[in-house]
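K.L.:
My structure is in coords02.tsv, and what it holds is TSV, C-alpha atoms and all ligand atoms:
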chain	number	residue	atom	x	y	z
A	1	MET	CA	3.90	-67.95	9.99
A	2	SER	CA	0.78	-66.38	11.25
A	3	LEU	CA	-2.15	-68.58	10.36
A	4	ASN	CA	-3.58	-68.02	6.92
A	5	PRO	CA	-3.02	-64.37	6.24
A	6	ASN	CA	-5.96	-63.48	4.02
A	7	TYR	CA	-4.45	-62.84	0.69
A	8	THR	CA	-2.00	-65.70	0.70
A	9	LYS	CA	-4.49	-68.32	1.82
A	10	TYR	CA	-4.64	-70.12	-1.50
A	11	HIS	CA	-1.03	-69.77	-2.37
A	12	PRO	CA	0.53	-72.70	-4.24
A	13	LYS	CA	2.93	-75.04	-2.54
A	14	TRP	CA	5.56	-73.38	-0.43
A	15	TYR	CA	8.74	-75.12	0.44
A	16	ARG	CA	9.75	-74.99	4.10
A	17	LYS	CA	13.18	-76.04	5.14
A	18	ARG	CA	13.21	-78.05	8.33
A	19	ILE	CA	15.60	-76.95	11.04
A	20	PRO	CA	17.98	-79.76	12.02
A	21	ILE	CA	18.35	-80.62	15.71
A	22	PHE	CA	22.02	-79.74	15.55
A	23	TRP	CA	21.44	-76.32	13.97
A	24	TRP	CA	23.70	-74.78	16.58
A	25	MET	CA	26.68	-76.73	15.25
A	26	GLN	CA	26.46	-75.06	11.85
A	27	LYS	CA	27.95	-71.75	12.83
A	28	TRP	CA	30.47	-70.81	15.48
A	29	ALA	CA	28.29	-67.87	16.55
A	30	TYR	CA	25.41	-70.25	17.29
A	31	THR	CA	27.67	-72.72	19.09
A	32	LYS	CA	29.07	-69.93	21.23
A	33	PHE	CA	25.52	-68.93	22.12
A	34	ILE	CA	24.61	-72.47	23.19
A	35	LEU	CA	27.81	-72.67	25.25
A	36	ARG	CA	26.90	-69.40	26.94
A	37	GLU	CA	23.45	-70.78	27.78
A	38	LEU	CA	25.06	-73.96	29.16
A	39	THR	CA	27.26	-71.92	31.48
A	40	SER	CA	24.16	-71.39	33.61
A	41	LEU	CA	24.64	-75.01	34.73
A	42	ALA	CA	27.99	-74.03	36.21
A	43	VAL	CA	26.37	-71.13	38.02
A	44	ALA	CA	23.74	-73.54	39.38
A	45	PHE	CA	26.52	-75.93	40.43
A	46	TYR	CA	28.16	-73.20	42.54
A	47	ALA	CA	24.83	-72.35	44.12
A	48	VAL	CA	24.21	-75.99	45.08
A	49	VAL	CA	27.72	-76.31	46.56
A	50	LEU	CA	27.10	-73.21	48.64
A	51	LEU	CA	23.77	-74.59	49.89
A	52	LEU	CA	25.40	-77.90	50.80
A	53	GLN	CA	28.11	-76.02	52.67
A	54	ILE	CA	25.53	-74.10	54.68
A	55	ARG	CA	23.72	-77.34	55.46
A	56	ALA	CA	26.96	-78.96	56.61
A	57	LEU	CA	27.67	-75.92	58.77
A	58	ALA	CA	24.24	-76.24	60.40
A	59	GLN	CA	24.78	-79.95	61.07
A	60	GLY	CA	27.83	-79.36	63.23
A	61	PRO	CA	31.63	-79.57	63.15
A	62	GLU	CA	31.86	-83.18	62.06
A	63	ALA	CA	29.59	-82.76	59.03
A	64	TYR	CA	31.49	-79.63	58.10
A	65	ALA	CA	34.84	-81.42	58.25
A	66	ASN	CA	33.42	-84.14	56.01
A	67	PHE	CA	32.26	-81.50	53.59
A	68	LEU	CA	35.70	-79.90	53.52
A	69	ASN	CA	37.24	-83.29	52.86
A	70	TRP	CA	34.89	-83.78	49.93
A	71	LEU	CA	36.00	-80.46	48.53
A	72	LYS	CA	39.58	-81.77	48.49
A	73	THR	CA	38.78	-84.87	46.44
A	74	PRO	CA	40.02	-84.90	42.82
A	75	VAL	CA	36.44	-85.15	41.54
A	76	SER	CA	35.49	-81.98	43.32
A	77	ILE	CA	38.63	-80.17	42.17
A	78	VAL	CA	38.06	-81.11	38.54
A	79	LEU	CA	34.39	-80.11	38.78
A	80	HIS	CA	35.38	-76.78	40.27
A	81	GLY	CA	37.97	-76.22	37.57
A	82	VAL	CA	35.45	-76.83	34.80
A	83	ALA	CA	32.81	-74.73	36.55
A	84	LEU	CA	35.29	-71.88	36.95
A	85	LEU	CA	36.03	-71.85	33.22
A	86	PHE	CA	32.35	-71.81	32.40
A	87	VAL	CA	31.58	-69.06	34.88
A	88	LEU	CA	34.42	-66.94	33.52
A	89	PHE	CA	33.05	-67.39	30.00
A	90	HIS	CA	29.59	-66.53	31.33
A	91	SER	CA	30.71	-63.34	33.08
A	92	ILE	CA	32.93	-62.08	30.29
A	93	THR	CA	30.37	-62.60	27.54
A	94	TRP	CA	27.62	-60.98	29.61
A	95	PHE	CA	29.76	-58.03	30.64
A	96	ASN	CA	30.60	-57.42	27.00
A	97	LEU	CA	26.92	-57.49	26.12
A	98	SER	CA	25.86	-55.11	28.88
A	99	PRO	CA	26.26	-51.92	26.79
A	100	LYS	CA	23.55	-53.25	24.47
A	101	ALA	CA	20.96	-53.17	27.24
A	102	LEU	CA	22.13	-50.09	29.10
A	103	VAL	CA	22.17	-46.81	27.29
A	104	PHE	CA	22.86	-43.82	29.47
A	105	ARG	CA	23.24	-40.25	28.57
A	106	LEU	CA	25.26	-37.60	30.29
A	107	GLY	CA	23.89	-34.29	29.09
A	108	LYS	CA	23.99	-34.57	25.35
A	109	LYS	CA	26.57	-37.32	25.11
A	110	ARG	CA	25.93	-41.03	25.19
A	111	ILE	CA	28.17	-42.80	27.68
A	112	PRO	CA	30.57	-44.90	25.61
A	113	ASP	CA	30.09	-48.68	25.55
A	114	ALA	CA	33.59	-49.33	26.84
A	115	LEU	CA	32.81	-47.37	30.00
A	116	ILE	CA	29.61	-49.34	30.68
A	117	ALA	CA	31.28	-52.70	30.15
A	118	GLY	CA	34.35	-51.41	31.98
A	119	SER	CA	32.40	-50.48	35.09
A	120	ASN	CA	31.13	-54.07	35.25
A	121	TYR	CA	34.71	-55.34	35.14
A	122	ALA	CA	35.75	-52.76	37.74
A	123	ALA	CA	32.97	-53.88	40.08
A	124	TRP	CA	34.06	-57.47	39.52
A	125	VAL	CA	37.66	-56.69	40.49
A	126	VAL	CA	36.60	-54.69	43.56
A	127	PHE	CA	34.27	-57.43	44.86
A	128	SER	CA	36.83	-60.15	44.17
A	129	ALA	CA	39.52	-58.16	45.99
A	130	ALA	CA	37.18	-57.63	48.93
A	131	ILE	CA	36.51	-61.35	49.16
A	132	VAL	CA	40.20	-62.23	48.93
A	133	TRP	CA	40.93	-59.69	51.67
A	134	MET	CA	38.21	-61.19	53.87
A	135	ILE	CA	39.54	-64.73	53.41
A	136	LEU	CA	43.11	-63.76	54.06
A	137	THR	CA	42.54	-61.57	57.11
A	138	ILE	CA	39.63	-63.12	58.95
B	1	MET	CA	42.68	-64.06	-11.34
B	2	PRO	CA	40.22	-66.73	-12.54
B	3	GLU	CA	38.21	-66.23	-15.71
B	4	LYS	CA	35.10	-67.89	-14.38
B	5	ILE	CA	33.44	-68.71	-11.12
B	6	SER	CA	30.62	-71.13	-10.48
B	7	LEU	CA	27.41	-70.50	-8.59
B	8	GLU	CA	25.32	-73.26	-7.06
B	9	VAL	CA	21.85	-71.83	-7.02
B	10	LEU	CA	18.88	-73.35	-5.23
B	11	ARG	CA	16.03	-74.03	-7.62
B	12	TYR	CA	12.51	-74.74	-6.48
B	13	ARG	CA	9.81	-75.10	-9.09
B	14	PRO	CA	6.72	-76.20	-7.19
B	15	GLU	CA	4.95	-77.47	-10.30
B	16	GLU	CA	7.90	-79.72	-11.15
B	17	GLU	CA	9.55	-80.81	-7.94
B	18	ALA	CA	8.58	-81.39	-4.33
B	19	GLU	CA	12.05	-80.68	-2.97
B	20	PRO	CA	14.47	-78.01	-4.15
B	21	VAL	CA	17.56	-78.93	-6.14
B	22	TYR	CA	20.83	-77.11	-6.75
B	23	GLN	CA	21.77	-75.99	-10.20
B	24	SER	CA	25.29	-75.02	-11.12
B	25	TYR	CA	26.07	-72.06	-13.38
B	26	GLU	CA	29.43	-70.82	-14.64
B	27	VAL	CA	29.63	-67.05	-14.88
B	28	PRO	CA	32.49	-64.75	-15.85
B	29	PHE	CA	34.46	-63.60	-12.84
B	30	ARG	CA	34.85	-59.85	-12.61
B	31	LYS	CA	36.41	-57.96	-9.77
B	32	ASP	CA	33.73	-55.29	-9.81
B	33	TRP	CA	30.80	-57.71	-9.83
B	34	VAL	CA	28.55	-58.36	-6.87
B	35	ILE	CA	26.58	-61.60	-6.44
B	36	LEU	CA	23.51	-59.91	-7.90
B	37	ASP	CA	25.45	-59.06	-11.10
B	38	ALA	CA	26.30	-62.73	-11.48
B	39	ILE	CA	22.66	-63.74	-10.97
B	40	ASN	CA	21.49	-61.13	-13.46
B	41	TYR	CA	24.06	-62.53	-15.89
B	42	ILE	CA	22.55	-65.99	-15.46
B	43	LYS	CA	19.05	-64.66	-16.02
B	44	ASP	CA	20.03	-62.70	-19.14
B	45	ASN	CA	22.44	-65.14	-20.77
B	46	ILE	CA	22.09	-68.66	-19.42
B	47	ASP	CA	18.73	-69.41	-17.87
B	48	GLY	CA	15.80	-67.03	-18.07
B	49	THR	CA	13.65	-69.16	-15.79
B	50	LEU	CA	15.54	-68.29	-12.60
B	51	SER	CA	13.37	-66.25	-10.22
B	52	TYR	CA	14.61	-63.78	-7.61
B	53	ARG	CA	13.91	-60.29	-6.30
B	54	TRP	CA	15.93	-57.14	-6.63
B	55	SER	CA	15.41	-53.51	-7.39
B	56	CYS	CA	17.74	-50.72	-6.39
B	57	ARG	CA	21.16	-52.34	-6.80
B	58	MET	CA	22.51	-50.03	-4.11
B	59	GLY	CA	21.57	-51.44	-0.73
B	60	VAL	CA	18.50	-49.33	0.00
B	61	CYS	CA	15.43	-51.24	-1.20
B	62	GLY	CA	16.11	-54.34	0.87
B	63	SER	CA	14.72	-56.81	-1.67
B	64	CYS	CA	17.82	-58.73	-2.77
B	65	GLY	CA	18.58	-60.58	0.46
B	66	MET	CA	19.71	-64.21	-0.01
B	67	MET	CA	21.81	-66.79	1.78
B	68	VAL	CA	25.29	-66.78	0.32
B	69	ASN	CA	27.41	-69.66	1.57
B	70	GLY	CA	25.02	-69.95	4.49
B	71	THR	CA	25.00	-66.31	5.62
B	72	PRO	CA	22.20	-63.87	4.86
B	73	VAL	CA	23.50	-60.90	2.84
B	74	LEU	CA	22.31	-58.22	0.45
B	75	THR	CA	23.47	-59.69	-2.85
B	76	CYS	CA	23.83	-56.24	-4.37
B	77	ALA	CA	26.33	-55.28	-1.71
B	78	THR	CA	28.46	-58.43	-1.59
B	79	PHE	CA	31.30	-58.91	-4.05
B	80	LEU	CA	32.07	-62.15	-5.87
B	81	GLU	CA	35.71	-61.63	-5.02
B	82	LYS	CA	35.05	-62.35	-1.36
B	83	TYR	CA	34.22	-65.96	-2.21
B	84	LEU	CA	37.13	-66.86	-4.45
B	85	PRO	CA	37.76	-69.44	-5.78
B	86	GLY	CA	34.14	-70.55	-5.42
B	87	PRO	CA	31.83	-72.29	-5.93
B	88	ILE	CA	29.36	-69.93	-4.30
B	89	ARG	CA	26.17	-71.35	-2.89
B	90	VAL	CA	23.14	-69.08	-3.29
B	91	GLU	CA	19.89	-69.92	-1.50
B	92	PRO	CA	16.69	-68.11	-0.55
B	93	LEU	CA	16.62	-66.48	2.89
B	94	ASP	CA	16.41	-69.01	5.71
B	95	ASN	CA	13.39	-69.23	8.03
B	96	PHE	CA	10.88	-68.11	5.39
B	97	PRO	CA	8.73	-70.32	3.16
B	98	VAL	CA	10.08	-70.46	-0.39
B	99	VAL	CA	7.65	-69.55	-3.15
B	100	ARG	CA	9.97	-70.28	-6.05
B	101	ASP	CA	13.76	-70.43	-6.53
B	102	LEU	CA	15.19	-67.52	-4.53
B	103	VAL	CA	11.86	-65.85	-3.79
B	104	ILE	CA	10.53	-66.08	-0.24
B	105	GLU	CA	7.12	-65.38	1.28
B	106	MET	CA	7.20	-62.32	3.52
B	107	THR	CA	3.61	-61.76	4.58
B	108	ASP	CA	4.48	-62.86	8.11
B	109	PHE	CA	7.00	-60.04	8.50
B	110	MET	CA	4.63	-57.48	6.99
B	111	GLU	CA	1.96	-58.37	9.54
B	112	LYS	CA	4.38	-58.25	12.44
B	113	LEU	CA	5.64	-54.90	11.32
B	114	LYS	CA	2.13	-53.50	11.36
B	115	ARG	CA	1.53	-54.85	14.84
B	116	VAL	CA	4.11	-52.57	16.46
B	117	GLN	CA	2.37	-49.46	15.10
B	118	PRO	CA	5.31	-48.11	13.11
B	119	TRP	CA	4.09	-44.56	12.88
B	120	ILE	CA	4.00	-41.54	15.14
B	121	VAL	CA	1.24	-42.04	17.70
B	122	ARG	CA	-0.21	-38.90	19.33
B	123	GLU	CA	-2.66	-38.73	22.19
B	124	GLU	CA	-4.02	-35.66	20.54
B	125	GLU	CA	-3.09	-34.27	17.16
B	126	LYS	CA	-2.38	-30.57	17.22
B	127	PRO	CA	-4.16	-28.55	14.56
B	128	LEU	CA	-2.34	-27.97	11.29
B	129	SER	CA	-2.30	-24.24	11.92
B	130	GLU	CA	0.11	-24.71	14.83
B	131	GLY	CA	2.74	-25.98	12.43
B	132	GLU	CA	5.03	-28.97	12.51
B	133	TYR	CA	6.44	-30.85	15.48
B	134	LEU	CA	9.95	-29.55	15.85
B	135	GLN	CA	12.94	-31.65	16.70
B	136	THR	CA	16.57	-30.86	17.44
B	137	PRO	CA	19.51	-32.75	15.91
B	138	VAL	CA	20.23	-34.26	19.34
B	139	GLU	CA	16.67	-35.57	19.57
B	140	LEU	CA	17.01	-36.99	16.06
B	141	GLU	CA	20.21	-38.75	17.08
B	142	ASP	CA	18.25	-40.70	19.71
B	143	TYR	CA	16.42	-42.87	17.19
B	144	LYS	CA	18.25	-42.30	13.91
B	145	GLN	CA	20.14	-45.58	14.03
B	146	PHE	CA	16.89	-47.56	14.30
B	147	SER	CA	15.32	-45.60	11.46
B	148	MET	CA	17.95	-46.89	9.04
B	149	CYS	CA	16.21	-50.26	8.72
B	150	ILE	CA	15.40	-51.16	5.10
B	151	ASN	CA	13.17	-54.17	5.93
B	152	CYS	CA	15.50	-56.60	4.22
B	153	MET	CA	14.70	-59.37	6.73
B	154	LEU	CA	18.28	-60.60	6.91
B	155	CYS	CA	17.95	-60.43	10.68
B	156	TYR	CA	14.98	-62.82	10.64
B	157	SER	CA	17.03	-65.23	8.57
B	158	ALA	CA	19.90	-65.12	11.02
B	159	CYS	CA	17.70	-65.53	14.08
B	160	PRO	CA	17.45	-69.14	15.32
B	161	VAL	CA	14.66	-68.14	17.70
B	162	TYR	CA	12.51	-67.02	14.78
B	163	GLY	CA	13.39	-70.24	12.93
B	164	LEU	CA	12.32	-72.43	15.83
B	165	GLU	CA	9.48	-70.25	17.10
B	166	PRO	CA	7.92	-68.54	14.06
B	167	THR	CA	5.44	-66.60	16.17
B	168	PHE	CA	8.31	-64.51	17.59
B	169	ILE	CA	7.72	-60.94	16.50
B	170	GLY	CA	11.38	-60.72	15.52
B	171	PRO	CA	14.35	-58.34	15.42
B	172	ALA	CA	13.44	-55.72	12.81
B	173	ALA	CA	9.87	-55.21	14.04
B	174	ILE	CA	11.23	-54.55	17.53
B	175	ALA	CA	13.98	-52.24	16.28
B	176	ILE	CA	11.38	-50.28	14.35
B	177	ALA	CA	9.14	-50.08	17.41
B	178	GLN	CA	12.12	-48.64	19.21
B	179	ARG	CA	12.63	-46.15	16.40
B	180	TYR	CA	9.21	-44.62	17.19
B	181	ASN	CA	9.48	-45.00	20.94
B	182	LEU	CA	12.66	-42.96	21.04
B	183	ASP	CA	11.20	-40.26	18.81
B	184	ASN	CA	10.24	-37.34	21.04
B	185	ARG	CA	7.23	-36.55	18.83
B	186	ASP	CA	5.72	-39.93	19.56
B	187	GLN	CA	3.48	-40.85	22.50
B	188	GLY	CA	2.81	-44.52	21.76
B	189	ASN	CA	5.43	-45.90	24.12
B	190	GLN	CA	3.09	-47.65	26.51
B	191	GLN	CA	0.99	-49.26	23.77
B	192	ARG	CA	4.03	-50.67	22.03
B	193	LEU	CA	5.51	-51.92	25.27
B	194	GLU	CA	2.32	-53.85	25.94
B	195	ILE	CA	2.34	-55.41	22.47
B	196	LEU	CA	5.98	-56.34	22.75
B	197	SER	CA	5.71	-57.75	26.28
B	198	GLU	CA	3.29	-60.42	25.11
B	199	ASP	CA	4.38	-64.05	24.86
B	200	ASP	CA	5.70	-63.79	21.33
B	201	GLY	CA	7.46	-60.50	22.04
B	202	ILE	CA	10.82	-59.43	23.41
B	203	PHE	CA	11.14	-62.13	26.03
B	204	GLU	CA	11.38	-64.83	23.39
B	205	CYS	CA	14.76	-63.35	22.52
B	206	THR	CA	17.68	-65.19	24.12
B	207	LEU	CA	20.26	-62.74	22.81
B	208	VAL	CA	22.04	-64.81	20.22
B	209	GLY	CA	23.05	-61.50	18.67
B	210	GLU	CA	23.30	-62.69	15.06
B	211	CYS	CA	20.60	-60.24	13.92
B	212	SER	CA	22.94	-57.35	14.64
B	213	ALA	CA	25.89	-59.19	13.12
B	214	VAL	CA	24.20	-59.59	9.73
B	215	CYS	CA	22.35	-56.26	9.55
B	216	PRO	CA	23.67	-54.34	6.54
B	217	LYS	CA	22.59	-51.01	8.01
B	218	ASP	CA	24.06	-51.31	11.53
B	219	VAL	CA	20.60	-50.98	13.02
B	220	ASP	CA	21.54	-53.25	15.96
B	221	PRO	CA	18.16	-54.90	16.55
B	222	ALA	CA	19.70	-57.00	19.35
B	223	GLY	CA	20.46	-53.78	21.20
B	224	ALA	CA	16.92	-52.53	20.66
B	225	ILE	CA	15.48	-55.72	22.13
B	226	GLN	CA	17.69	-55.63	25.21
B	227	ARG	CA	16.75	-52.02	25.87
B	228	PHE	CA	13.09	-52.98	25.60
B	229	LYS	CA	13.64	-55.77	28.10
B	230	VAL	CA	15.11	-53.30	30.58
B	231	ALA	CA	12.18	-50.91	30.02
B	232	ALA	CA	9.58	-53.69	30.34
B	233	THR	CA	11.16	-54.98	33.54
B	234	ALA	CA	11.35	-51.50	35.03
B	235	ASN	CA	7.73	-50.98	34.07
B	236	TRP	CA	6.71	-54.22	35.76
B	237	TRP	CA	8.45	-53.29	39.01
B	238	LYS	CA	6.93	-49.85	38.88
B	239	SER	CA	3.42	-51.21	38.51
B	240	LEU	CA	4.10	-53.69	41.31
B	241	LEU	CA	5.53	-51.18	43.76
B	242	MET	CA	3.41	-48.19	42.81
B	243	PRO	CA	0.14	-49.52	41.35
B	244	TRP	CA	-1.42	-46.10	41.70
B	245	GLY	CA	1.18	-44.58	39.35
B	246	ASN	CA	-0.31	-46.28	36.29
B	247	LYS	CA	-2.77	-44.38	34.24
C	301	LIG	S1	17.18	-54.50	11.20
C	301	LIG	FE1	18.83	-54.61	9.66
C	301	LIG	S2	18.81	-56.77	8.97
C	301	LIG	FE2	16.85	-56.40	9.99
C	301	LIG	S3	15.41	-55.80	8.36
C	301	LIG	FE3	16.26	-53.89	9.21
C	301	LIG	S4	18.06	-53.41	7.93
C	301	LIG	FE4	17.52	-55.56	7.51
C	302	LIG	S1	18.81	-54.50	-4.81
C	302	LIG	FE1	18.05	-53.05	-3.39
C	302	LIG	S2	19.09	-53.60	-1.55
C	302	LIG	FE2	19.97	-54.91	-3.02
Please re-express this file's structure in structure tokens.

P.N.:
Amino acid sequence: MSLNPNYTKYHPKWYRKRIPIFWWMQKWAYTKFILRELTSLAVAFYAVVLLLQIRALAQGPEAYANFLNWLKTPVSIVLHGVALLFVLFHSITWFNLSPKALVFRLGKKRIPDALIAGSNYAAWVVFSAAIVWMILTI
Amino acid sequence: MPEKISLEVLRYRPEEEAEPVYQSYEVPFRKDWVILDAINYIKDNIDGTLSYRWSCRMGVCGSCGMMVNGTPVLTCATFLEKYLPGPIRVEPLDNFPVVRDLVIEMTDFMEKLKRVQPWIVREEEKPLSEGEYLQTPVELEDYKQFSMCINCMLCYSACPVYGLEPTFIGPAAIAIAQRYNLDNRDQGNQQRLEILSEDDGIFECTLVGECSAVCPKDVDPAGAIQRFKVAATANWWKSLLMPWGNK
């Protein structure tokens, strides 16, 4: 509420419902939203792993081998599995939301939402394929 | 088909009780009745002290919004049948102070609405003798969706950001700002963008998306907000990279 709007200043007692801490458990839509926000932790996790890898690379072959060994531990594999699920959820929900933010027009026609979301997915596939190709050939 | 259905209605009588209570009413079940019909039945036949707002009965005045089983709806456009076998819980709109029973206080929304300058802004008015500002159907199409808003405030009720951060200017006010921004007769774009880029503006929105899900008029306020974010960000980059370009 804005503070004391003039003509309601002396209004009798209002009742205000307090919002419970676990408000986001009350509706699946809210829970999904909180999950989507939490997925950013998984994105951060990937970024940290990448930084550690670069550091290991800079420290020389031995450090790098140690790093690769860590990647093979069950803890790391489980962490990666969970992070992958979260990142997939993150990407898919954001791609589906992209038509809300981007409205383009071609002449008189609005470009359909499916095409805008679709181009995100297409870019995703192309980049992933490029990375797979790089790993397999180089 | 049942003969009766029961409604659990939130009652708040500030002169009698400090906390609201629920009161149960049995009303006849009819296939062609909406929630508002049932409430009107209570008022006319069972309990004349129940307070609530309504007017048009046809989803255009926007005054009959209430929480029904926890979701904000227009009670004149929501059938009893959907909630069989009941009971149906009816409460005042969430996130607003309750004045009495199902009546909420909406001054906050009215002030926010005014802040976005919801009218056609012109740098210079052309004289009456030059006639009206013309517009093609395609130009109308640009903003028509956002002009459908009936100020029912269901979107504010569905928005957890507004609930937690009541200074947030909120979904409908932003959608309505967009309605004027996208109108080719309007020149208030920059002013509105500045108002909406303030701390309690568009960037408070974390895109929960429930405002658009509950909107009875398919206004899509969530979409309006995201488009504003893109515009505000583009504007920021522009003023950073080309400071001389700003008037
Ligand atoms: S945007 Fe939709 S839900 Fe919000 S006030 Fe307007 S009509 Fe109601
Ligand atoms: S009574 Fe007017 S919108 Fe429901």

K.L.:
What does the list of residues within 8 Å of ligand LIG 301 (chain C) look like if you count only C-alpha atoms and all ligand atoms, written as a compact mmCIF listing (two decimals) with C-alpha atoms, in the frame of the given file?

P.N.:
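Output saved as out.txt:
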# COMPACT_ATOMS: atom_id res chain seq x y z
CA GLY B 62 16.11 -54.34 0.87
CA PHE B 146 16.89 -47.56 14.30
CA MET B 148 17.95 -46.89 9.04
CA CYS B 149 16.21 -50.26 8.72
CA ILE B 150 15.40 -51.16 5.10
CA ASN B 151 13.17 -54.17 5.93
CA CYS B 152 15.50 -56.60 4.22
CA MET B 153 14.70 -59.37 6.73
CA LEU B 154 18.28 -60.60 6.91
CA CYS B 155 17.95 -60.43 10.68
CA TYR B 156 14.98 -62.82 10.64
CA PRO B 171 14.35 -58.34 15.42
CA ALA B 172 13.44 -55.72 12.81
CA ALA B 173 9.87 -55.21 14.04
CA ALA B 175 13.98 -52.24 16.28
CA ILE B 176 11.38 -50.28 14.35
CA CYS B 211 20.60 -60.24 13.92
CA SER B 212 22.94 -57.35 14.64
CA VAL B 214 24.20 -59.59 9.73
CA CYS B 215 22.35 -56.26 9.55
CA PRO B 216 23.67 -54.34 6.54
CA LYS B 217 22.59 -51.01 8.01
CA ASP B 218 24.06 -51.31 11.53
CA VAL B 219 20.60 -50.98 13.02
CA ASP B 220 21.54 -53.25 15.96
CA PRO B 221 18.16 -54.90 16.55

K.L.:
Between CA of Glu198 (chain B) and CA of Lys17 (chain A), what is the spacing in Å?

P.N.:
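For CA of Lys17 (chain A) relative to CA of Glu198 (chain B), the distance reads 27.2 Å.
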
K.L.:
As number ranges by chain, could you give me every residue of chain A near chain B (at most 7 Å apart, counting only C-alpha atoms)?

P.N.:
A: 1-2, 13-16, 33, 100-102

K.L.:
Which protein, DNA or RNA residues have an atom within 9 Å of ligand LIG 302 (chain C), counting only C-alpha atoms and all ligand atoms, as an MDAnalysis selection string?

P.N.:
chainID B and resid 36 53:65 74:77 150 152

K.L.:
Hey, what's within 10 Å of region 46-62 of chain A if we count all atoms listed in the file and toss same-chain stuff fewer than 4 positions away? As a list in words, please?

P.N.:
Ser40, Leu41, Ala42, Asn66, Phe67, Leu68, Leu71, His80, Ala83, Leu84 and Val87 of chain A

K.L.:
Save the residues we just selected, C-alpha atoms, as a PDB file, in the coordinates of the input?

P.N.:
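The resulting out23.pdb:
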ATOM      1  CA  SER A  40      24.160 -71.390  33.610  1.00  0.00           C
ATOM      2  CA  LEU A  41      24.640 -75.010  34.730  1.00  0.00           C
ATOM      3  CA  ALA A  42      27.990 -74.030  36.210  1.00  0.00           C
ATOM      4  CA  ASN A  66      33.420 -84.140  56.010  1.00  0.00           C
ATOM      5  CA  PHE A  67      32.260 -81.500  53.590  1.00  0.00           C
ATOM      6  CA  LEU A  68      35.700 -79.900  53.520  1.00  0.00           C
ATOM      7  CA  LEU A  71      36.000 -80.460  48.530  1.00  0.00           C
ATOM      8  CA  HIS A  80      35.380 -76.780  40.270  1.00  0.00           C
ATOM      9  CA  ALA A  83      32.810 -74.730  36.550  1.00  0.00           C
ATOM     10  CA  LEU A  84      35.290 -71.880  36.950  1.00  0.00           C
ATOM     11  CA  VAL A  87      31.580 -69.060  34.880  1.00  0.00           C
TER      12      VAL A  87
END

K.L.:
Pick out the closest residue to Asn96 (chain A) from this set: A:Ser119, A:Asn69, A:Thr137, A:Ser128. Count all atoms listed in the file.

P.N.:
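Closest residue, counting all atoms listed in the file: A:Ser119.
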
K.L.:
Find the distance between CA of Tyr41 (chain B) and CA of Glu26 (chain B) and write it in Å to one decimal.

P.N.:
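For CA of Tyr41 (chain B) relative to CA of Glu26 (chain B), the distance reads 10.0 Å.
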
K.L.:
Interatomic distance between CA of Leu88 (chain A) and CA of Phe203 (chain B)?

P.N.:
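Between CA of Leu88 (chain A) and CA of Phe203 (chain B) the gap is 24.9 Å.
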
K.L.:
Quick one: residues within 12 Å of Asp183 (chain B), all atoms listed in the file counted, chain neighbours fewer than 2 positions away excluded, as a ChimeraX atom specification?

P.N.:
/B:118-122,133-147,176-181,185-189

K.L.:
With only C-alpha atoms as the atoms that count, which of B:Leu10, B:Gln23, B:Phe29, B:Thr49 lies nearest to Glu91 (chain B)?

P.N.:
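Selected residue with least distance to Glu91 (chain B): B:Leu10.
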
K.L.:
Neighbouring residues of region 45-47 of chain B were defined as those with any atom within 12 Å, considering all atoms listed in the file; residues of the same chain fewer than 6 positions away were excluded. Please report them as a VMD selection string.

P.N.:
chain B and resid 9 11 23 to 28 37 to 39

K.L.:
For each of B:Met1, B:Ala232, B:Met67, B:Leu128, take the minimum atom-to-atom distance to Lys31 (chain B), counting only C-alpha atoms, then give the residue where this is smallest.

P.N.:
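That would be B:Met1, the residue with the smallest distance to Lys31 (chain B).
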
K.L.:
Counting all atoms listed in the file, figure out which residue out of A:Val103, A:Ser91, A:Lys72, A:Leu35 gets nearest to Ala123 (chain A).

P.N.:
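Nearest candidate to Ala123 (chain A) out of A:Val103, A:Ser91, A:Lys72, A:Leu35: A:Ser91.
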
K.L.:
Have region 238-244 of chain B completed to N, CA and C atoms, please, and pass it along as a PDB file, in the frame of the given file.

P.N.:
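This went into out.pdb:
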ATOM      1  N   LYS B 238       7.623 -51.100  38.543  1.00  0.00           N
ATOM      2  CA  LYS B 238       6.930 -49.850  38.880  1.00  0.00           C
ATOM      3  C   LYS B 238       5.464 -50.130  39.166  1.00  0.00           C
ATOM      4  N   SER B 239       4.846 -50.968  38.309  1.00  0.00           N
ATOM      5  CA  SER B 239       3.420 -51.210  38.510  1.00  0.00           C
ATOM      6  C   SER B 239       3.189 -52.094  39.739  1.00  0.00           C
ATOM      7  N   LEU B 240       4.226 -52.844  40.123  1.00  0.00           N
ATOM      8  CA  LEU B 240       4.100 -53.690  41.310  1.00  0.00           C
ATOM      9  C   LEU B 240       4.241 -52.847  42.575  1.00  0.00           C
ATOM     10  N   LEU B 241       5.224 -51.957  42.551  1.00  0.00           N
ATOM     11  CA  LEU B 241       5.530 -51.180  43.760  1.00  0.00           C
ATOM     12  C   LEU B 241       4.638 -49.952  43.892  1.00  0.00           C
ATOM     13  N   MET B 242       4.236 -49.403  42.760  1.00  0.00           N
ATOM     14  CA  MET B 242       3.410 -48.190  42.810  1.00  0.00           C
ATOM     15  C   MET B 242       2.211 -48.353  41.881  1.00  0.00           C
ATOM     16  N   PRO B 243       1.280 -49.230  42.258  1.00  0.00           N
ATOM     17  CA  PRO B 243       0.140 -49.520  41.350  1.00  0.00           C
ATOM     18  C   PRO B 243      -0.672 -48.265  41.032  1.00  0.00           C
ATOM     19  N   TRP B 244      -0.619 -47.302  41.939  1.00  0.00           N
ATOM     20  CA  TRP B 244      -1.420 -46.100  41.700  1.00  0.00           C
ATOM     21  C   TRP B 244      -0.793 -45.205  40.618  1.00  0.00           C
TER      22      TRP B 244
END
